[in-house]
file query-v5.cif (mmCIF, C-alpha atoms)
data_data
loop_
_atom_site.label_atom_id
_atom_site.label_comp_id
_atom_site.auth_asym_id
_atom_site.auth_seq_id
_atom_site.Cartn_x
_atom_site.Cartn_y
_atom_site.Cartn_z
CA MET K 13 -24.04 -13.12 8.43
CA ASP K 14 -23.72 -11.80 11.96
CA LEU K 15 -25.42 -8.41 12.28
CA ASP K 16 -26.10 -6.74 15.61
CA SER K 17 -28.98 -4.52 16.65
CA HIS K 18 -26.87 -1.40 16.26
CA ASN K 19 -26.37 -2.05 12.55
CA PRO K 20 -29.56 -3.72 11.25
CA ILE K 21 -29.16 -2.55 7.63
CA PRO K 22 -25.69 -3.36 6.30
CA GLU K 23 -23.96 -1.28 3.63
CA LEU K 24 -21.54 -3.83 2.25
CA TYR K 25 -18.54 -3.37 -0.01
CA ILE K 26 -15.62 -5.59 -1.01
CA GLY K 27 -12.06 -4.28 -1.22
CA LEU K 28 -9.32 -5.98 -3.25
CA MET K 29 -5.67 -5.06 -2.94
CA SER K 30 -2.54 -6.39 -4.58
CA GLY K 31 0.28 -4.07 -3.61
CA THR K 32 3.81 -3.16 -4.63
CA SER K 33 5.22 -6.18 -2.80
CA MET K 34 3.42 -8.38 -5.36
CA ASP K 35 3.15 -11.19 -2.83
CA GLY K 36 -0.58 -11.76 -3.11
CA VAL K 37 -4.11 -10.40 -2.94
CA ASP K 38 -6.07 -9.42 0.15
CA ALA K 39 -9.86 -9.30 -0.06
CA VAL K 40 -12.20 -7.95 2.60
CA LEU K 41 -15.96 -7.72 2.99
CA VAL K 42 -16.65 -4.48 4.83
CA ASP K 43 -19.73 -2.92 6.38
CA PHE K 44 -19.92 0.87 6.48
CA PRO K 45 -22.29 1.74 9.32
CA GLN K 46 -22.66 5.19 10.87
CA GLY K 47 -19.23 4.94 12.40
CA LYS K 48 -15.96 3.20 11.66
CA PRO K 49 -15.83 0.53 8.92
CA ARG K 50 -16.18 -3.03 10.13
CA VAL K 51 -14.52 -5.98 8.39
CA MET K 52 -16.92 -8.93 8.21
CA GLN K 53 -14.78 -11.40 6.23
CA HIS K 54 -11.18 -11.60 5.03
CA ALA K 55 -9.64 -13.84 2.38
CA CYS K 56 -6.22 -13.86 0.78
CA ALA K 57 -4.31 -15.76 -1.87
CA PRO K 58 -0.72 -15.60 -3.15
CA LEU K 59 0.09 -14.61 -6.70
CA SER K 60 1.31 -17.59 -8.69
CA PRO K 61 5.09 -17.52 -9.29
CA ASP K 62 4.51 -17.04 -13.03
CA LEU K 63 2.13 -14.12 -12.54
CA ARG K 64 4.41 -12.46 -10.01
CA THR K 65 7.36 -12.84 -12.38
CA GLU K 66 5.32 -11.32 -15.20
CA PHE K 67 4.24 -8.34 -13.10
CA LEU K 68 7.84 -7.71 -12.11
CA ALA K 69 8.92 -7.88 -15.74
CA LEU K 70 6.16 -5.46 -16.77
CA ASN K 71 7.63 -2.80 -14.51
CA THR K 72 10.09 -2.15 -17.35
CA SER K 73 9.79 -2.10 -21.13
CA GLY K 74 9.85 -5.43 -22.92
CA ALA K 75 8.78 -7.34 -25.97
CA ASP K 76 5.04 -7.47 -26.74
CA GLU K 77 4.31 -5.84 -23.39
CA LEU K 78 0.80 -4.62 -24.25
CA HIS K 79 -0.34 -8.16 -25.03
CA ARG K 80 1.42 -9.56 -21.97
CA ALA K 81 -0.04 -6.85 -19.74
CA ALA K 82 -3.58 -7.62 -20.92
CA LEU K 83 -3.17 -11.33 -20.19
CA ALA K 84 -1.63 -10.62 -16.78
CA ALA K 85 -4.54 -8.32 -15.93
CA ASN K 86 -7.01 -11.06 -16.86
CA ALA K 87 -5.17 -13.58 -14.70
CA LEU K 88 -5.21 -11.17 -11.76
CA VAL K 89 -8.94 -10.53 -12.17
CA ARG K 90 -9.69 -14.25 -12.16
CA LEU K 91 -7.88 -14.45 -8.82
CA TYR K 92 -9.87 -11.42 -7.64
CA ALA K 93 -13.13 -13.14 -8.65
CA LYS K 94 -12.14 -16.34 -6.84
CA LEU K 95 -11.62 -14.39 -3.63
CA VAL K 96 -14.89 -12.47 -4.06
CA HIS K 97 -16.79 -15.75 -4.32
CA GLU K 98 -14.91 -17.04 -1.28
CA LEU K 99 -16.07 -14.00 0.70
CA LEU K 100 -19.66 -14.46 -0.47
CA SER K 101 -19.65 -18.14 0.36
CA GLY K 102 -18.15 -17.56 3.80
CA SER K 103 -20.74 -14.93 4.70
CA GLY K 104 -23.80 -16.55 3.11
CA LEU K 105 -24.34 -13.54 0.84
CA LEU K 106 -25.47 -13.15 -2.75
CA PRO K 107 -23.81 -10.76 -5.22
CA ALA K 108 -26.86 -8.50 -4.97
CA ASP K 109 -26.14 -7.99 -1.26
CA VAL K 110 -22.87 -6.17 -2.03
CA LEU K 111 -23.07 -2.59 -3.30
CA ALA K 112 -19.72 -2.56 -5.07
CA ILE K 113 -16.19 -3.95 -5.27
CA GLY K 114 -13.20 -1.62 -4.98
CA ALA K 115 -10.49 -3.24 -7.13
CA HIS K 116 -7.14 -1.45 -7.05
CA GLY K 117 -5.33 -3.50 -9.71
CA GLN K 118 -1.59 -4.09 -9.85
CA THR K 119 0.64 -1.05 -10.21
CA VAL K 120 3.36 -1.57 -12.81
CA ARG K 121 4.26 2.04 -13.67
CA HIS K 122 3.86 5.21 -11.62
CA ARG K 123 5.11 8.43 -13.22
CA PRO K 124 2.86 11.31 -12.14
CA GLN K 125 3.74 14.92 -12.92
CA CYS K 126 6.29 13.81 -15.51
CA PHE K 127 6.87 14.30 -19.23
CA GLY K 128 5.86 17.94 -19.26
CA GLY K 129 2.33 17.31 -18.03
CA SER K 130 0.28 15.13 -15.75
CA GLY K 131 2.31 12.02 -16.41
CA TYR K 132 0.52 8.75 -15.74
CA THR K 133 -0.03 5.86 -13.39
CA ILE K 134 -0.85 2.32 -14.57
CA GLN K 135 -2.62 -0.34 -12.54
CA LEU K 136 -3.18 -3.52 -14.52
CA ASN K 137 -6.81 -4.57 -14.13
CA ASN K 138 -9.86 -5.62 -16.14
CA PRO K 139 -12.86 -4.32 -14.18
CA ALA K 140 -15.26 -5.23 -16.99
CA LEU K 141 -14.23 -8.87 -16.69
CA LEU K 142 -14.53 -8.69 -12.90
CA VAL K 143 -18.12 -7.49 -13.26
CA GLU K 144 -18.87 -10.43 -15.57
CA LEU K 145 -17.31 -12.93 -13.18
CA THR K 146 -18.97 -11.62 -10.01
CA GLY K 147 -22.21 -9.86 -10.99
CA ILE K 148 -21.30 -6.94 -8.69
CA ASP K 149 -20.65 -3.29 -9.55
CA VAL K 150 -16.90 -2.60 -9.70
CA VAL K 151 -15.04 0.62 -8.98
CA ALA K 152 -11.49 0.71 -10.36
CA ASP K 153 -8.74 3.03 -11.61
CA PHE K 154 -8.73 5.14 -8.45
CA ARG K 155 -5.47 6.98 -9.04
CA SER K 156 -5.84 8.38 -12.56
CA ARG K 157 -8.34 11.14 -11.73
CA ASP K 158 -6.07 12.58 -9.06
CA VAL K 159 -3.11 12.46 -11.48
CA ALA K 160 -5.22 14.17 -14.17
CA ALA K 161 -5.96 16.92 -11.64
CA GLY K 162 -2.24 17.53 -11.21
CA GLY K 163 -1.72 15.25 -8.23
CA GLN K 164 0.56 12.33 -7.43
CA GLY K 165 -2.31 9.83 -7.37
CA ALA K 166 -0.77 8.55 -4.13
CA PRO K 167 -0.96 7.97 -1.33
CA LEU K 168 -4.74 7.66 -1.26
CA VAL K 169 -5.01 5.96 2.13
CA PRO K 170 -4.57 9.02 4.43
CA ALA K 171 -8.26 9.98 4.10
CA PHE K 172 -9.21 6.47 5.20
CA HIS K 173 -6.63 6.50 7.98
CA LEU K 174 -8.23 9.71 9.27
CA GLU K 175 -11.66 8.10 9.47
CA MET K 176 -10.39 4.82 10.90
CA PHE K 177 -7.69 5.94 13.33
CA GLY K 178 -8.14 9.67 13.99
CA GLN K 179 -8.64 10.71 17.63
CA PRO K 180 -9.38 14.30 18.71
CA GLY K 181 -6.71 15.69 21.02
CA LYS K 182 -4.05 13.16 20.02
CA THR K 183 -1.54 13.34 17.17
CA ILE K 184 -1.37 9.91 15.59
CA ALA K 185 0.87 8.73 12.77
CA VAL K 186 -0.10 5.76 10.64
CA LEU K 187 2.72 3.96 8.84
CA ASN K 188 1.81 1.52 6.10
CA ILE K 189 4.76 -0.68 5.17
CA GLY K 190 3.99 -2.50 1.94
CA GLY K 191 6.41 -2.65 -0.96
CA ILE K 192 6.64 1.11 -0.52
CA SER K 193 6.13 2.72 2.89
CA ASN K 194 3.76 5.64 3.35
CA LEU K 195 3.00 7.84 6.32
CA SER K 196 -0.21 9.60 7.39
CA VAL K 197 -0.13 12.20 10.17
CA LEU K 198 -3.44 12.92 11.89
CA ASP K 199 -3.05 16.24 13.71
CA ALA K 200 -4.35 16.47 17.28
CA ARG K 201 -5.27 20.15 16.91
CA GLU K 202 -7.55 19.60 13.94
CA PRO K 203 -8.02 15.95 12.89
CA THR K 204 -9.72 16.87 9.60
CA ARG K 205 -8.92 16.52 5.92
CA THR K 206 -7.45 20.03 5.81
CA SER K 207 -4.71 19.17 8.29
CA VAL K 208 -3.73 15.61 7.29
CA VAL K 209 -0.15 15.11 6.11
CA GLY K 210 0.64 12.09 3.97
CA PHE K 211 3.35 10.93 1.57
CA ASP K 212 5.46 7.95 0.51
CA CYS K 213 8.53 7.61 2.73
CA GLY K 214 10.46 5.35 0.36
CA PRO K 215 11.08 1.61 0.09
CA GLY K 216 9.24 -0.60 2.54
CA ASN K 217 9.56 -4.30 1.72
CA VAL K 218 10.37 -3.97 -1.98
CA LEU K 219 14.16 -4.12 -1.69
CA LEU K 220 14.08 -6.49 1.29
CA ASP K 221 12.00 -8.99 -0.68
CA TYR K 222 14.15 -8.64 -3.79
CA TRP K 223 17.41 -9.23 -1.97
CA CYS K 224 16.01 -12.12 0.05
CA HIS K 225 14.69 -13.82 -3.09
CA LEU K 226 17.93 -13.23 -4.97
CA CYS K 227 20.09 -14.72 -2.24
CA SER K 228 17.86 -17.46 -0.81
CA GLY K 229 15.04 -18.12 -3.28
CA LEU K 230 12.51 -17.17 -0.59
CA ASN K 231 9.96 -14.46 -1.38
CA PHE K 232 10.50 -12.64 1.92
CA ASP K 233 12.55 -12.64 5.11
CA ALA K 234 10.05 -14.11 7.59
CA GLY K 235 10.07 -12.06 10.78
CA GLY K 236 13.27 -10.36 9.63
CA LYS K 237 15.29 -13.25 11.07
CA TRP K 238 17.87 -13.22 8.29
CA ALA K 239 18.34 -9.45 8.62
CA ALA K 240 18.72 -9.84 12.39
CA SER K 241 21.62 -12.27 11.78
CA GLY K 242 23.57 -9.62 9.89
CA GLN K 243 25.26 -6.35 10.73
CA VAL K 244 24.36 -2.94 9.32
CA ILE K 245 26.98 -1.61 6.92
CA PRO K 246 27.25 2.10 7.83
CA GLU K 247 28.81 3.16 4.51
CA LEU K 248 26.11 1.38 2.52
CA LEU K 249 23.32 2.76 4.69
CA GLU K 250 24.63 6.31 4.24
CA HIS K 251 24.92 5.74 0.48
CA LEU K 252 21.37 4.39 0.19
CA ALA K 253 19.87 7.11 2.39
CA SER K 254 21.54 9.85 0.33
CA ASP K 255 19.11 9.38 -2.55
CA PRO K 256 17.51 12.76 -3.37
CA TYR K 257 14.00 11.32 -3.03
CA PHE K 258 14.27 11.19 0.76
CA SER K 259 14.85 14.94 1.07
CA LEU K 260 12.05 15.95 -1.30
CA PRO K 261 9.16 17.80 0.36
CA PRO K 262 5.62 16.43 0.06
CA PRO K 263 3.53 15.94 -1.97
CA LYS K 264 5.57 13.00 -3.16
CA SER K 265 5.08 9.37 -4.11
CA THR K 266 7.32 6.66 -5.46
CA GLY K 267 7.46 3.01 -6.50
CA ARG K 268 9.48 0.43 -8.35
CA ASP K 269 10.19 3.01 -11.04
CA LEU K 270 12.86 4.34 -8.65
CA PHE K 271 13.49 1.80 -5.91
CA ASN K 272 14.23 -1.32 -7.94
CA PRO K 273 16.97 -3.94 -8.35
CA GLU K 274 18.97 -1.70 -10.69
CA TRP K 275 18.97 1.09 -8.09
CA LEU K 276 20.25 -1.27 -5.40
CA GLN K 277 22.84 -3.00 -7.59
CA HIS K 278 24.23 0.37 -8.63
CA LYS K 279 24.68 1.32 -4.98
CA LEU K 280 26.29 -2.03 -4.17
CA SER K 281 28.69 -1.80 -7.12
CA GLN K 282 30.40 1.16 -5.47
CA LEU K 283 31.39 -0.86 -2.39
CA PRO K 284 33.78 -3.75 -1.71
CA GLN K 285 32.29 -7.23 -1.50
CA VAL K 286 29.85 -7.55 1.39
CA ARG K 287 28.02 -10.40 3.11
CA ALA K 288 24.48 -11.01 1.90
CA GLN K 289 22.97 -10.99 5.39
CA ASP K 290 24.67 -7.68 6.11
CA VAL K 291 23.02 -6.17 3.04
CA GLN K 292 19.66 -7.45 4.29
CA ALA K 293 20.31 -5.90 7.71
CA THR K 294 21.21 -2.61 6.04
CA LEU K 295 18.13 -2.59 3.82
CA THR K 296 15.98 -3.22 6.88
CA GLU K 297 17.70 -0.34 8.63
CA LEU K 298 17.10 1.89 5.58
CA THR K 299 13.36 1.27 5.83
CA ALA K 300 13.40 1.94 9.58
CA LEU K 301 15.59 5.02 9.21
CA THR K 302 13.55 6.69 6.45
CA CYS K 303 10.19 5.91 8.07
CA CYS K 304 11.34 7.22 11.45
CA ALA K 305 12.97 10.32 9.98
CA ALA K 306 9.71 11.09 8.17
CA THR K 307 7.77 10.60 11.41
CA GLU K 308 10.10 12.83 13.43
CA LYS K 309 9.94 15.60 10.83
CA SER K 310 6.22 15.53 10.06
CA ALA K 311 4.85 14.45 13.44
CA PRO K 312 7.24 15.72 16.14
CA ASP K 313 4.46 15.62 18.74
CA CYS K 314 3.32 12.14 17.74
CA GLY K 315 2.58 9.93 20.72
CA VAL K 316 1.37 6.88 18.80
CA LEU K 317 2.64 5.27 15.59
CA ILE K 318 0.22 2.69 14.15
CA VAL K 319 1.94 0.29 11.77
CA CYS K 320 0.08 -1.73 9.14
CA GLY K 321 0.88 -3.63 5.96
CA GLY K 322 3.16 -6.62 5.56
CA GLY K 323 6.02 -4.83 7.30
CA ALA K 324 4.09 -4.98 10.56
CA MET K 325 4.76 -8.74 10.53
CA ASN K 326 8.53 -8.19 10.35
CA THR K 327 9.53 -8.44 14.01
CA HIS K 328 13.07 -7.21 13.44
CA LEU K 329 11.90 -4.20 11.43
CA MET K 330 9.35 -3.31 14.09
CA SER K 331 12.05 -3.48 16.77
CA ARG K 332 14.29 -1.16 14.75
CA ILE K 333 11.46 1.34 14.33
CA SER K 334 10.73 1.22 18.07
CA GLY K 335 14.43 1.62 18.79
CA ARG K 336 14.63 4.76 16.68
CA LEU K 337 11.47 6.25 18.23
CA PRO K 338 11.78 5.36 21.94
CA TRP K 339 9.39 8.15 23.01
CA VAL K 340 6.60 6.92 20.71
CA CYS K 341 4.17 4.07 21.35
CA VAL K 342 4.70 1.87 18.28
CA GLU K 343 1.93 -0.68 17.79
CA THR K 344 0.19 -2.48 14.96
CA SER K 345 -3.30 -1.70 13.73
CA ASP K 346 -4.55 -4.85 15.50
CA ALA K 347 -4.88 -2.67 18.61
CA TYR K 348 -7.47 -0.57 16.73
CA GLY K 349 -9.63 -3.40 15.48
CA LEU K 350 -8.14 -3.88 12.02
CA ALA K 351 -5.48 -6.46 11.20
CA PRO K 352 -2.40 -5.02 9.43
CA GLN K 353 -2.94 -7.09 6.29
CA GLN K 354 -6.54 -5.86 6.00
CA VAL K 355 -5.96 -2.11 6.15
CA GLU K 356 -5.22 -1.32 2.50
CA ALA K 357 -7.93 -3.62 1.13
CA THR K 358 -10.40 -1.98 3.51
CA ALA K 359 -9.21 1.43 2.31
CA PHE K 360 -10.12 0.55 -1.27
CA ALA K 361 -13.51 -0.75 -0.19
CA TRP K 362 -13.91 2.66 1.50
CA LEU K 363 -12.84 4.47 -1.67
CA ALA K 364 -15.38 2.44 -3.65
CA CYS K 365 -18.03 3.49 -1.14
CA LYS K 366 -16.99 7.13 -1.63
CA ALA K 367 -17.26 6.79 -5.41
CA ILE K 368 -20.72 5.20 -5.24
CA ARG K 369 -21.86 8.02 -2.93
CA ARG K 370 -20.23 10.57 -5.29
CA GLU K 371 -17.99 11.85 -2.51
CA PRO K 372 -14.33 12.89 -2.92
CA GLY K 373 -11.73 10.29 -2.03
CA ASN K 374 -8.48 12.24 -2.26
CA ILE K 375 -6.93 14.86 -0.01
CA PRO K 376 -5.48 17.60 -2.24
CA ILE K 377 -2.87 18.74 0.29
CA VAL K 378 -1.57 15.16 0.38
CA THR K 379 -1.49 14.35 -3.34
CA GLY K 380 -1.03 17.83 -4.77
CA ALA K 381 -4.22 17.66 -6.86
CA ALA K 382 -5.92 20.93 -7.79
CA SER K 383 -8.88 20.12 -5.53
CA ALA K 384 -10.93 17.25 -4.13
CA ARG K 385 -12.03 14.70 -6.71
CA ILE K 386 -14.34 11.69 -6.88
CA LEU K 387 -11.97 8.82 -7.60
CA GLY K 388 -12.52 5.72 -9.71
CA GLY K 389 -14.48 4.57 -12.71
CA ILE K 390 -17.71 2.69 -12.04
CA TYR K 391 -18.56 -0.47 -14.00
CA PRO K 392 -22.22 -1.39 -13.34
CA ALA K 393 -23.22 -5.03 -13.10
#
call {"tool": "encode", "arguments": {"input": "query-v5.cif", "output": "structure tokens"}}
result
Amino acid sequence: MDLDSHNPIPELYIGLMSGTSMDGVDAVLVDFPQGKPRVMQHACAPLSPDLRTEFLALNTSGADELHRAALAANALVRLYAKLVHELLSGSGLLPADVLAIGAHGQTVRHRPQCFGGSGYTIQLNNPALLVELTGIDVVADFRSRDVAAGGQGAPLVPAFHLEMFGQPGKTIAVLNIGGISNLSVLDAREPTRTSVVGFDCGPGNVLLDYWCHLCSGLNFDAGGKWAASGQVIPELLEHLASDPYFSLPPPKSTGRDLFNPEWLQHKLSQLPQVRAQDVQATLTELTALTCCAATEKSAPDCGVLIVCGGGAMNTHLMSRISGRLPWVCVETSDAYGLAPQQVEATAFAWLACKAIRREPGNIPIVTGAASARILGGIYPA
């Protein structure tokens, strides 16, 4: 492994992330020196069609779902383990060289602050099996402690965004566009945990991917080319953007529990027949509109918007965001030394590091939790 003289003793963690888009798993090997995290290796793998289909089905009630969820979690963990070994092999490391793995799991239900109490959030995972397959300590179940403390359990990435992208004297917004989009605002006046704003904006790729798959069989609209071939339907856009979620104040978080195929089909049923590519163009515009509206409201003095996640690869979506924020420098996280597809996995490596150090990982003003909490359960090797 390549280590320089400024970082002779590595503090290595692995982060594993499979997000709301359910397109695959990103794995990163990260060093945490006295400074910003540094990604040493990156590996990724798609979810198999069967596993992706099962995860999508498990977002709603179904027959024998506890059994099916357990088997799906095991299948995901075996993919996690494969990627961990790929990282170790590529870097010439042994399991003992890595302090811990941060394994997010696959979110299938997210209902915080519901049902007259704390509600719940469920990420399918089997950290005990991951320990057995890798021989490395595992930190998992990051969201539940924040939810138990009265919070949303999401987003958890703003604290990491602050450490990775914060710059004194400059207000910076960080927009992660995964299945769901979330925004972090790093205040120029006081770039500390007490001033960070963060929340889920709404759908990112989740509806785009669904509609593309339904109409073409493809898992996503590469580069947004199909959306770019269509025309925005103003009536549909207004109807979609009128959902009460968008006007809720933070703290707030969302997921497939709200923004799902049923939600979209209900909206479409109230309109005359429309062209499929026009729906795709409108869904893309919805993501751009809601992300930009959130940025304008929460970061009016923002000079830079850093975009990460899979949405950063959607050229048409990026152009629509830039078009709606002409006074803002919109760029991807590549410009800051971290590839867009590596940001969330690195964030969960960072959260694992925080847990091992017994340091808080949440920001209470972001999630709504009673106070700062150490996040994650630790499974020793």
call {"tool": "residues_around", "arguments": {"input": "query-v5.cif", "residues": "Lys237 of chain K", "least_positions_apart": "2", "cutoff": "10 Å", "atoms": "all atoms listed in the file", "output": "ChimeraX atom specification"}}
result
/K:233-235,239-242,289,292-293,326-329
call {"tool": "closest_residue", "arguments": {"input": "query-v5.cif", "among": "K:Ser103, K:Gln46, K:Gln164, K:Thr344", "to": "Gly131 of chain K", "atoms": "all atoms listed in the file"}}
result
K:Gln164
call {"tool": "resolve_selection", "arguments": {"input": "query-v5.cif", "expression": "the PyMOL selection byres ((chain K and resi 165) around 10)", "output": "MDAnalysis selection string"}}
result
chainID K and resid 122:125 132:133 154:164 166:168 264:265 374 376 378:381 387
call {"tool": "residues_around", "arguments": {"input": "query-v5.cif", "residues": "Phe67 of chain K", "least_positions_apart": "3", "cutoff": "12 Å", "atoms": "all atoms listed in the file", "output": "JSON, numbers by chain"}}
result
{"K": [30, 31, 32, 33, 34, 35, 36, 59, 60, 61, 62, 63, 64, 70, 71, 72, 73, 74, 77, 80, 81, 82, 83, 84, 85, 87, 88, 117, 118, 119, 120, 121, 134, 135, 136, 137, 268]}
call {"tool": "atom_distance", "arguments": {"input": "query-v5.cif", "atom1": "atom CA of Ile189 of chain K", "atom2": "atom CA of Gln353 of chain K"}}
result
10.1 Å
call {"tool": "resolve_selection", "arguments": {"input": "query-v5.cif", "expression": "the PyMOL selection byres ((chain K and resi 176) around 12)", "output": "ChimeraX atom specification"}}
result
/K:44,47-51,169-175,177-179,184,186,196,198,203,318,345,348-350,355-356,358-359,362
call {"tool": "closest_residue", "arguments": {"input": "query-v5.cif", "among": "K:Leu24, K:Ala306, K:Val143, K:Cys341", "to": "Pro261 of chain K", "atoms": "all atoms listed in the file"}}
result
K:Ala306
call {"tool": "closest_residue", "arguments": {"input": "query-v5.cif", "among": "K:Cys320, K:Val151, K:Leu283, K:Leu195", "to": "Pro262 of chain K", "atoms": "all atoms listed in the file"}}
result
K:Leu195
call {"tool": "resolve_selection", "arguments": {"input": "query-v5.cif", "expression": "the PyMOL selection byres ((chain K and resi 214) around 6)", "output": "list in words"}}
result
Ile192, Ser193, Asp212, Cys213 and Pro215 of chain K
call {"tool": "atom_distance", "arguments": {"input": "query-v5.cif", "atom1": "atom CA of Gly335 of chain K", "atom2": "atom CA of Cys227 of chain K"}}
result
27.2 Å
call {"tool": "residues_around", "arguments": {"input": "query-v5.cif", "residues": "Gln282 of chain K", "least_positions_apart": "4", "cutoff": "10 Å", "atoms": "all atoms listed in the file", "output": "list in words"}}
result
Leu248, His251, Gln277 and His278 of chain K
call {"tool": "atom_distance", "arguments": {"input": "query-v5.cif", "atom1": "atom CA of Phe211 of chain K", "atom2": "atom CA of Pro263 of chain K"}}
result
6.1 Å
call {"tool": "closest_residue", "arguments": {"input": "query-v5.cif", "among": "K:Ala351, K:Ala185, K:Leu78, K:Leu249", "to": "Gln53 of chain K", "atoms": "only C-alpha atoms"}}
result
K:Ala351
call {"tool": "residues_around", "arguments": {"input": "query-v5.cif", "residues": "His97 of chain K", "least_positions_apart": "5", "cutoff": "9 Å", "atoms": "all atoms listed in the file", "output": "PDB file with C-alpha atoms, in the frame of the given file"}}
result
ATOM      1  CA  TYR K  92      -9.870 -11.420  -7.640  1.00  0.00           C
ATOM      2  CA  GLY K 102     -18.150 -17.560   3.800  1.00  0.00           C
ATOM      3  CA  PRO K 107     -23.810 -10.760  -5.220  1.00  0.00           C
ATOM      4  CA  THR K 146     -18.970 -11.620 -10.010  1.00  0.00           C
TER       5      THR K 146
END
call {"tool": "closest_residue", "arguments": {"input": "query-v5.cif", "among": "K:Leu142, K:Leu295, K:Ala93, K:Ala361", "to": "Tyr222 of chain K", "atoms": "only C-alpha atoms"}}
result
K:Leu295
